[in-house]
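Note: the block below is final19.txt and it holds compact mmCIF, C-alpha atoms.
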```txt
# COMPACT_ATOMS: atom_id res chain seq x y z
CA MET A 1 -3.90 -11.24 24.24
CA ARG A 2 -1.71 -11.87 21.18
CA ALA A 3 -2.13 -15.64 21.57
CA PHE A 4 -5.91 -15.31 21.82
CA ALA A 5 -6.07 -12.96 18.81
CA ARG A 6 -4.03 -15.34 16.67
CA VAL A 7 -6.35 -18.26 17.54
CA VAL A 8 -9.35 -16.19 16.47
CA GLU A 9 -7.67 -15.13 13.22
CA THR A 10 -6.40 -18.59 12.27
CA GLY A 11 -9.29 -20.61 13.69
CA SER A 12 -6.82 -23.10 15.13
CA PHE A 13 -4.55 -23.44 18.14
CA THR A 14 -2.02 -25.30 15.98
CA LYS A 15 -1.89 -22.63 13.25
CA ALA A 16 -1.76 -19.85 15.84
CA ALA A 17 1.14 -21.54 17.64
CA ASP A 18 3.02 -22.00 14.35
CA SER A 19 2.54 -18.35 13.39
CA MET A 20 3.90 -17.21 16.78
CA ASP A 21 6.71 -19.79 16.80
CA LEU A 22 5.43 -21.24 20.07
CA PRO A 23 4.71 -24.82 21.17
CA LYS A 24 0.99 -25.51 20.99
CA ALA A 25 0.91 -26.39 24.69
CA SER A 26 2.44 -23.04 25.62
CA LEU A 27 -0.04 -21.10 23.52
CA THR A 28 -2.94 -23.09 24.98
CA ARG A 29 -1.79 -22.27 28.51
CA LEU A 30 -1.64 -18.56 27.62
CA VAL A 31 -5.24 -18.57 26.40
CA GLN A 32 -6.42 -20.58 29.39
CA ALA A 33 -4.68 -18.15 31.75
CA LEU A 34 -6.38 -15.23 29.99
CA GLU A 35 -9.79 -16.88 30.35
CA ALA A 36 -9.10 -17.64 34.02
CA ARG A 37 -8.12 -14.03 34.72
CA LEU A 38 -11.17 -12.65 32.91
CA ARG A 39 -13.42 -15.37 34.39
CA VAL A 40 -15.14 -15.85 31.06
CA GLN A 41 -14.99 -18.40 28.25
CA LEU A 42 -13.58 -16.79 25.12
CA LEU A 43 -13.34 -19.85 22.88
CA THR A 44 -15.31 -23.07 22.43
CA ARG A 45 -13.09 -26.03 21.58
CA THR A 46 -14.11 -29.29 19.93
CA THR A 47 -12.01 -32.02 18.34
CA ARG A 48 -12.66 -30.49 14.90
CA LYS A 49 -12.71 -26.73 15.31
CA VAL A 50 -12.41 -23.68 17.52
CA THR A 51 -15.23 -21.14 17.62
CA VAL A 52 -15.41 -17.75 19.31
CA THR A 53 -18.02 -17.17 22.01
CA GLN A 54 -20.08 -14.00 22.07
CA ASP A 55 -17.89 -12.68 24.89
CA GLY A 56 -14.81 -13.74 22.95
CA ALA A 57 -15.90 -11.87 19.83
CA ALA A 58 -16.47 -8.69 21.80
CA TYR A 59 -13.12 -9.08 23.57
CA TYR A 60 -11.33 -9.70 20.25
CA GLU A 61 -12.71 -6.51 18.68
CA ARG A 62 -11.22 -4.42 21.49
CA THR A 63 -8.06 -6.52 21.70
CA VAL A 64 -6.90 -6.02 18.11
CA ALA A 65 -7.17 -2.24 18.42
CA LEU A 66 -5.19 -2.31 21.65
CA LEU A 67 -2.51 -4.61 20.25
CA SER A 68 -2.11 -2.39 17.19
CA GLU A 69 -1.66 0.65 19.42
CA LEU A 70 0.82 -1.24 21.60
CA GLU A 71 2.86 -2.21 18.53
CA ALA A 72 2.92 1.44 17.46
CA ILE A 73 4.19 2.46 20.91
CA ASP A 74 6.84 -0.27 20.85
CA GLN A 75 8.01 0.76 17.39
CA GLY A 76 8.27 4.40 18.44
CA MET A 77 10.25 3.60 21.58
CA LEU A 78 12.54 0.94 20.13
CA HIS A 79 13.34 2.28 16.69
CA ASP A 80 14.32 5.49 15.01
CA ASN A 81 11.61 5.88 12.35
CA SER A 82 14.08 7.73 10.14
CA ARG A 83 15.91 4.39 9.85
CA PRO A 84 13.20 1.69 9.58
CA ARG A 85 14.16 -1.77 10.76
CA GLY A 86 12.69 -5.15 11.54
CA ARG A 87 11.18 -8.06 9.65
CA LEU A 88 8.41 -7.73 7.07
CA ARG A 89 6.45 -10.69 5.72
CA VAL A 90 5.07 -10.11 2.23
CA ASP A 91 3.35 -12.32 -0.34
CA VAL A 92 3.49 -11.55 -4.08
CA THR A 93 2.43 -13.19 -7.33
CA THR A 94 4.95 -15.35 -9.14
CA LEU A 95 5.65 -13.06 -12.09
CA THR A 96 5.70 -9.84 -10.06
CA GLY A 97 8.10 -11.42 -7.60
CA SER A 98 10.46 -13.11 -10.04
CA LYS A 99 10.41 -10.54 -12.86
CA VAL A 100 10.08 -7.22 -11.02
CA LEU A 101 10.66 -7.16 -7.27
CA ILE A 102 13.47 -9.69 -6.77
CA PRO A 103 15.67 -8.21 -9.55
CA ALA A 104 15.25 -4.79 -7.89
CA MET A 105 15.59 -5.98 -4.27
CA GLY A 106 19.24 -4.93 -4.09
CA ASP A 107 18.08 -1.32 -4.38
CA PHE A 108 15.69 -1.80 -1.45
CA HIS A 109 18.41 -3.36 0.73
CA ALA A 110 20.78 -0.51 -0.12
CA ARG A 111 18.19 2.05 1.01
CA TYR A 112 16.97 0.14 4.06
CA PRO A 113 19.73 -2.22 5.25
CA ASP A 114 17.99 -2.89 8.58
CA ILE A 115 14.77 -4.31 7.08
CA GLU A 116 14.50 -8.07 6.56
CA ILE A 117 12.00 -9.29 3.96
CA ALA A 118 10.33 -12.70 4.08
CA LEU A 119 8.95 -12.86 0.53
CA GLY A 120 6.38 -15.51 -0.30
CA VAL A 121 6.17 -15.96 -4.07
CA SER A 122 3.23 -17.89 -5.55
CA ASP A 123 -0.02 -17.47 -7.43
CA ARG A 124 -1.97 -18.97 -4.52
CA ALA A 125 -4.28 -16.46 -2.84
CA ILE A 126 -3.34 -16.54 0.84
CA ASP A 127 -5.32 -15.40 3.87
CA LEU A 128 -3.52 -12.41 5.39
CA LEU A 129 -4.79 -13.09 8.90
CA VAL A 130 -4.43 -16.87 8.92
CA ASP A 131 -0.95 -16.76 7.39
CA ASN A 132 0.12 -13.77 9.54
CA VAL A 133 1.36 -11.73 6.56
CA ASP A 134 1.94 -7.98 6.80
CA CYS A 135 0.81 -7.23 3.25
CA VAL A 136 0.27 -8.87 -0.13
CA LEU A 137 0.43 -7.79 -3.76
CA ARG A 138 -2.70 -8.88 -5.57
CA VAL A 139 -3.62 -8.56 -9.22
CA GLY A 140 -7.18 -7.83 -10.25
CA LYS A 141 -10.35 -6.87 -8.42
CA ILE A 142 -10.27 -6.94 -4.60
CA ASP A 143 -13.48 -8.62 -3.46
CA ASP A 144 -13.03 -8.32 0.32
CA PRO A 145 -14.06 -4.84 1.55
CA GLY A 146 -12.62 -5.66 4.99
CA PHE A 147 -9.05 -4.97 3.85
CA VAL A 148 -7.18 -1.82 2.92
CA ALA A 149 -6.17 -1.89 -0.76
CA ARG A 150 -3.84 0.68 -2.32
CA ARG A 151 -3.48 0.64 -6.10
CA VAL A 152 0.22 0.73 -6.95
CA GLY A 153 0.34 -0.31 -10.59
CA GLU A 154 -1.34 -2.10 -13.46
CA ILE A 155 -0.54 -4.94 -15.83
CA ARG A 156 -1.04 -4.81 -19.58
CA PHE A 157 -1.44 -8.04 -21.52
CA CYS A 158 -0.53 -9.35 -24.92
CA VAL A 159 -1.61 -12.42 -26.88
CA CYS A 160 1.12 -14.50 -28.42
CA ALA A 161 2.16 -17.94 -29.63
CA SER A 162 5.38 -19.71 -30.47
CA PRO A 163 6.67 -19.98 -34.06
CA GLY A 164 6.27 -23.76 -33.75
CA TYR A 165 2.59 -23.41 -32.89
CA LEU A 166 2.00 -21.05 -35.83
CA ALA A 167 3.80 -23.42 -38.22
CA GLN A 168 1.58 -26.30 -37.10
CA TYR A 169 -1.81 -24.59 -36.75
CA GLY A 170 -1.51 -21.40 -38.77
CA ARG A 171 -1.95 -17.83 -37.63
CA PRO A 172 -5.41 -16.94 -36.25
CA ALA A 173 -6.79 -13.85 -37.97
CA HIS A 174 -9.43 -12.91 -35.38
CA PRO A 175 -9.78 -13.55 -31.61
CA GLU A 176 -12.91 -15.64 -32.27
CA ASP A 177 -10.74 -18.07 -34.26
CA LEU A 178 -9.45 -19.32 -30.89
CA ASP A 179 -12.86 -20.93 -30.30
CA ARG A 180 -12.65 -22.87 -33.56
CA GLU A 181 -10.52 -25.71 -34.94
CA PRO A 182 -7.67 -26.11 -35.41
CA HIS A 183 -6.59 -23.51 -32.86
CA LEU A 184 -5.74 -24.18 -29.23
CA SER A 185 -5.37 -21.91 -26.21
CA VAL A 186 -3.71 -22.48 -22.85
CA GLY A 187 -6.00 -21.66 -19.93
CA TYR A 188 -5.05 -20.04 -16.65
CA PHE A 189 -7.23 -20.99 -13.68
CA SER A 190 -7.66 -19.58 -10.19
CA SER A 191 -6.06 -21.67 -7.44
CA ARG A 192 -8.88 -20.60 -5.11
CA THR A 193 -11.96 -21.14 -7.27
CA GLY A 194 -10.75 -23.31 -10.15
CA ARG A 195 -12.29 -20.82 -12.60
CA VAL A 196 -10.50 -20.50 -15.95
CA PHE A 197 -10.07 -16.85 -16.88
CA PRO A 198 -11.26 -15.98 -20.40
CA PHE A 199 -9.17 -14.05 -22.90
CA SER A 200 -10.42 -10.44 -22.98
CA PHE A 201 -10.26 -8.15 -26.02
CA TRP A 202 -11.57 -4.75 -26.98
CA ARG A 203 -11.38 -2.57 -30.05
CA ASN A 204 -13.34 0.66 -30.41
CA ASP A 205 -16.75 -0.23 -28.95
CA THR A 206 -16.39 -3.99 -29.39
CA LYS A 207 -15.58 -6.17 -26.39
CA LEU A 208 -14.98 -9.90 -26.54
CA GLU A 209 -14.41 -12.67 -24.00
CA ILE A 210 -13.00 -15.86 -25.50
CA GLN A 211 -12.67 -19.16 -23.65
CA GLY A 212 -10.76 -20.85 -26.47
CA ARG A 213 -10.34 -24.52 -27.29
CA ARG A 214 -8.05 -25.90 -24.59
CA ARG A 215 -6.15 -29.07 -23.80
CA LEU A 216 -4.15 -27.60 -20.94
CA ASP A 217 -4.98 -25.30 -18.02
CA VAL A 218 -2.38 -24.20 -15.43
CA ASN A 219 -2.46 -22.13 -12.24
CA ASP A 220 1.11 -20.82 -12.16
CA SER A 221 2.36 -17.84 -14.17
CA ASN A 222 5.79 -19.27 -14.98
CA ALA A 223 4.19 -22.53 -16.11
CA TYR A 224 1.79 -20.52 -18.27
CA VAL A 225 4.65 -18.75 -20.07
CA ALA A 226 6.46 -22.09 -20.44
CA ALA A 227 3.37 -23.62 -22.07
CA GLY A 228 3.29 -20.81 -24.62
CA LEU A 229 6.99 -21.25 -25.38
CA ALA A 230 6.46 -25.00 -25.80
CA GLY A 231 3.86 -24.40 -28.54
CA LEU A 232 1.00 -25.90 -26.53
CA GLY A 233 -1.39 -23.10 -27.45
CA VAL A 234 -2.03 -19.37 -27.68
CA VAL A 235 -1.55 -17.48 -24.40
CA GLN A 236 -2.71 -14.10 -23.11
CA VAL A 237 0.03 -13.10 -20.72
CA ALA A 238 1.42 -10.07 -18.89
CA ALA A 239 3.44 -8.19 -21.51
CA TYR A 240 6.37 -7.51 -19.18
CA ALA A 241 6.78 -11.25 -18.55
CA VAL A 242 7.48 -12.05 -22.21
CA GLU A 243 9.35 -8.95 -23.41
CA GLN A 244 12.57 -10.87 -24.00
CA HIS A 245 10.80 -13.81 -25.62
CA LEU A 246 9.06 -11.46 -28.05
CA ALA A 247 12.30 -9.61 -28.79
CA ASN A 248 14.25 -12.77 -29.65
CA GLY A 249 11.42 -14.36 -31.64
CA GLU A 250 10.58 -17.19 -29.23
CA LEU A 251 7.03 -15.80 -29.13
CA VAL A 252 5.10 -13.94 -31.82
CA PRO A 253 2.44 -11.29 -30.96
CA LEU A 254 -1.09 -11.83 -32.30
CA PHE A 255 -4.16 -9.60 -32.80
CA GLU A 256 -2.14 -6.40 -32.48
CA ASP A 257 -5.12 -4.36 -33.63
CA TRP A 258 -6.99 -5.53 -30.50
CA GLN A 259 -6.24 -4.57 -26.90
CA ALA A 260 -6.74 -6.27 -23.56
CA PRO A 261 -7.95 -4.28 -20.53
CA ALA A 262 -5.22 -3.34 -18.05
CA VAL A 263 -5.53 -5.15 -14.71
CA PRO A 264 -4.76 -3.24 -11.48
CA ILE A 265 -2.10 -4.24 -8.93
CA TYR A 266 -2.89 -3.58 -5.27
CA VAL A 267 -0.98 -3.72 -2.01
CA VAL A 268 -3.47 -5.18 0.47
CA TYR A 269 -3.26 -5.28 4.26
CA SER A 270 -5.54 -5.63 7.26
CA PRO A 271 -6.98 -2.43 8.74
CA ASN A 272 -6.27 -3.92 12.17
CA ARG A 273 -2.55 -4.22 11.48
CA TYR A 274 -0.29 -1.38 12.56
CA VAL A 275 1.34 0.19 9.50
CA SER A 276 4.94 0.37 10.65
CA ALA A 277 7.63 2.57 9.16
CA ARG A 278 9.17 -0.47 7.46
CA MET A 279 5.84 -1.34 5.84
CA ARG A 280 5.25 2.24 4.69
CA VAL A 281 8.65 2.50 2.98
CA PHE A 282 8.20 -0.94 1.40
CA ILE A 283 4.84 0.02 -0.12
CA GLU A 284 6.32 3.27 -1.48
CA TRP A 285 9.27 1.36 -2.92
CA VAL A 286 6.96 -1.17 -4.60
CA ALA A 287 4.96 1.64 -6.25
CA GLU A 288 8.19 3.32 -7.41
CA THR A 289 9.65 0.04 -8.71
CA LEU A 290 6.51 -0.82 -10.67
CA HIS A 291 6.53 2.67 -12.20
CA LYS A 292 10.16 2.32 -13.28
CA ARG A 293 9.31 -1.06 -14.83
CA GLY A 294 6.52 0.52 -16.88
CA LEU A 295 3.81 -0.92 -14.65
CA GLY A 296 2.83 2.29 -12.87
CA VAL A 297 -0.72 3.55 -12.58
CA SER A 298 -1.64 5.42 -15.74
```

Step by step, read the file and then write its structure as structure tokens.
Amino acid sequence: MRAFARVVETGSFTKAADSMDLPKASLTRLVQALEARLRVQLLTRTTRKVTVTQDGAAYYERTVALLSELEAIDQGMLHDNSRPRGRLRVDVTTLTGSKVLIPAMGDFHARYPDIEIALGVSDRAIDLLVDNVDCVLRVGKIDDPGFVARRVGEIRFCVCASPGYLAQYGRPAHPEDLDREPHLSVGYFSSRTGRVFPFSFWRNDTKLEIQGRRRLDVNDSNAYVAAGLAGLGVVQVAAYAVEQHLANGELVPLFEDWQAPAVPIYVVYSPNRYVSARMRVFIEWVAETLHKRGLGVS
């Protein structure tokens, strides 16, 4: 059942086998044996893709609920829930991982020494089911209503530039100056859609979205900060990521009479996935850690 469910979720025998750490041939035999026992075709295979039959879709819907319940039973029998243990696979954004969670991870290990964390750190939006991840931290609006999303924090932004940039191009007096010569901005684009996010500003009842004149767009948060430090343009960046750079003068804040809307941080997971004790304590710890870092929900 697990092998079949992973093929449905990943859309591939190869990806399913990789996620279960099984040889592809072994996983294929498991699915074939399941079909033989049920005397029904669950999957249609071609050289290019795997699709689920009508019977397979119905079987999958009941299978995931059963597997989740089985995992809950196993966890209850094998582990003392007062001392969570096991392996947890999590994916987080680059800045949240490198600037917030990893520096605080020693505290988590001290509290829960029997939990192992496999922490994927990138700005690439992964597929929870395909990549077999327990939960992810995502920044911004959650578009998929099929997942559970718990708001655990929010990010506030600032606009800044390096002293070298300001010496070369001057200091912009108004956000709209970023759309005009000689000023330059550095763009940040979505790895999934390629869309460049505009700079957002508000003051009183006035709201602005500025695309800016750009020569460089990046899709990694650390690279974005580096571009600002290198004087390649004005950046609108998470304030917590540049605190030290602002304090030591490597970056200079701009438009301080304008504000940028706070962006929510969510922990997202599949409703079909059993929420184990280790996952519950990790989510609570993330919310607590973000709060201590000044990123808690206001």

Neighbouring residues of Val133 in chain A were defined as those with any atom within 7 Å, considering only C-alpha atoms; residues of the same chain fewer than 3 positions away were excluded. Please report them as a PyMOL selection string.
chain A and resi 89-90+128-129

Show me, as a VMD selection string, the residues that have an atom within 12 Å of Gln244 in chain A when counting all atoms listed in the file, minus same-chain residues fewer than 6 positions from it.
chain A and resid 99 225 229 250 to 252

Nearby residues (only C-alpha atoms) at most 12 Å from Gly97 in chain A, same-chain spacing under 2 positions excluded, as a PyMOL selection string:
chain A and resi 90-95+99-105+118-123+136-138+221-222+241+286+289-290

Give me, as a Markdown table, each residue of range 161-224 of chain A that comes within 8 Å of range 253-273 of chain A, together with its shortest interatomic pair and the distance in Å at one decimal, counting only C-alpha atoms, with rows ordered by chain and rising residue number.
```
| residue | atom | partner | partner_atom | distance |
| --- | --- | --- | --- | --- |
| A:Ala161 | CA | A:Pro253 | CA | 6.8 |
| A:Pro172 | CA | A:Leu254 | CA | 7.8 |
| A:Ala173 | CA | A:Phe255 | CA | 7.2 |
| A:His174 | CA | A:Phe255 | CA | 6.7 |
| A:Pro175 | CA | A:Phe255 | CA | 7.0 |
| A:Ser200 | CA | A:Ala260 | CA | 5.6 |
| A:Phe201 | CA | A:Ala260 | CA | 4.7 |
| A:Trp202 | CA | A:Gln259 | CA | 5.3 |
| A:Arg203 | CA | A:Trp258 | CA | 5.3 |
```

What box, with edges along x, y and z, holds each listed atom of range 210-220 of chain A when 4 Å is added on every side, and can you state its centre and edge lengths in Å to one decimal, as JSON?
```
{"center_x": -5.9, "center_y": -22.5, "center_z": -19.7, "size_x": 22.1, "size_y": 21.2, "size_z": 23.1}
```

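Each of A:Gly86, A:Gly228, A:Leu38, A:Pro23 was compared to Val159 in chain A using only C-alpha atoms, and A:Gly228 turns out to be the nearest.
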
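Distance cut-off 7 Å, centre (-13.6, -14.0, -22.0), atoms counted only C-alpha atoms; the residues meeting this are Phe197, Pro198, Phe199, Ser200, Leu208, Glu209, Ile210 and Gln211 of chain A.
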
Mind giving me the straight-line distance from CA of Arg48 in chain A to CA of Arg62 in chain A in Å, one decimal?
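These two atoms are separated by 26.9 Å.
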
Counting all atoms listed in the file, what is within 12 Å of range 1-9 of chain A, bar same-chain residues fewer than 4 positions away, as a ChimeraX atom specification?
/A:13-35,37-38,41-45,49-53,56-68,70-71,127-133,270,272-273

Between CA of Val235 in chain A and CA of Tyr169 in chain A, what is the distance, to one decimal in Å?
14.3 Å

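Relative to CA of Ala223 in chain A, CA of Phe108 in chain A is found at 27.9 Å.
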
What's around Arg87 in chain A at 9 Å? Count all atoms listed in the file, leave out sequence neighbours fewer than 5 positions away in its own chain, and write the answer as JSON, numbers by chain.
{"A": [114, 115, 116, 117, 118, 278]}

Counting only C-alpha atoms, figure out which residue out of A:Arg215, A:Arg150, A:Arg83, A:His183 gets nearest to Glu284 in chain A.
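Smallest separation from Glu284 in chain A among the options: A:Arg150.
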
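Closest to Gly249 in chain A among A:Asp143, A:Ala287, A:Pro163, A:Lys207 is A:Pro163, based on all atoms listed in the file.
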
Looking at A:Leu295, A:Val218, A:Leu184, A:Cys158, which one is nearest to Val196 in chain A, with distances taken over all atoms listed in the file?
A:Val218
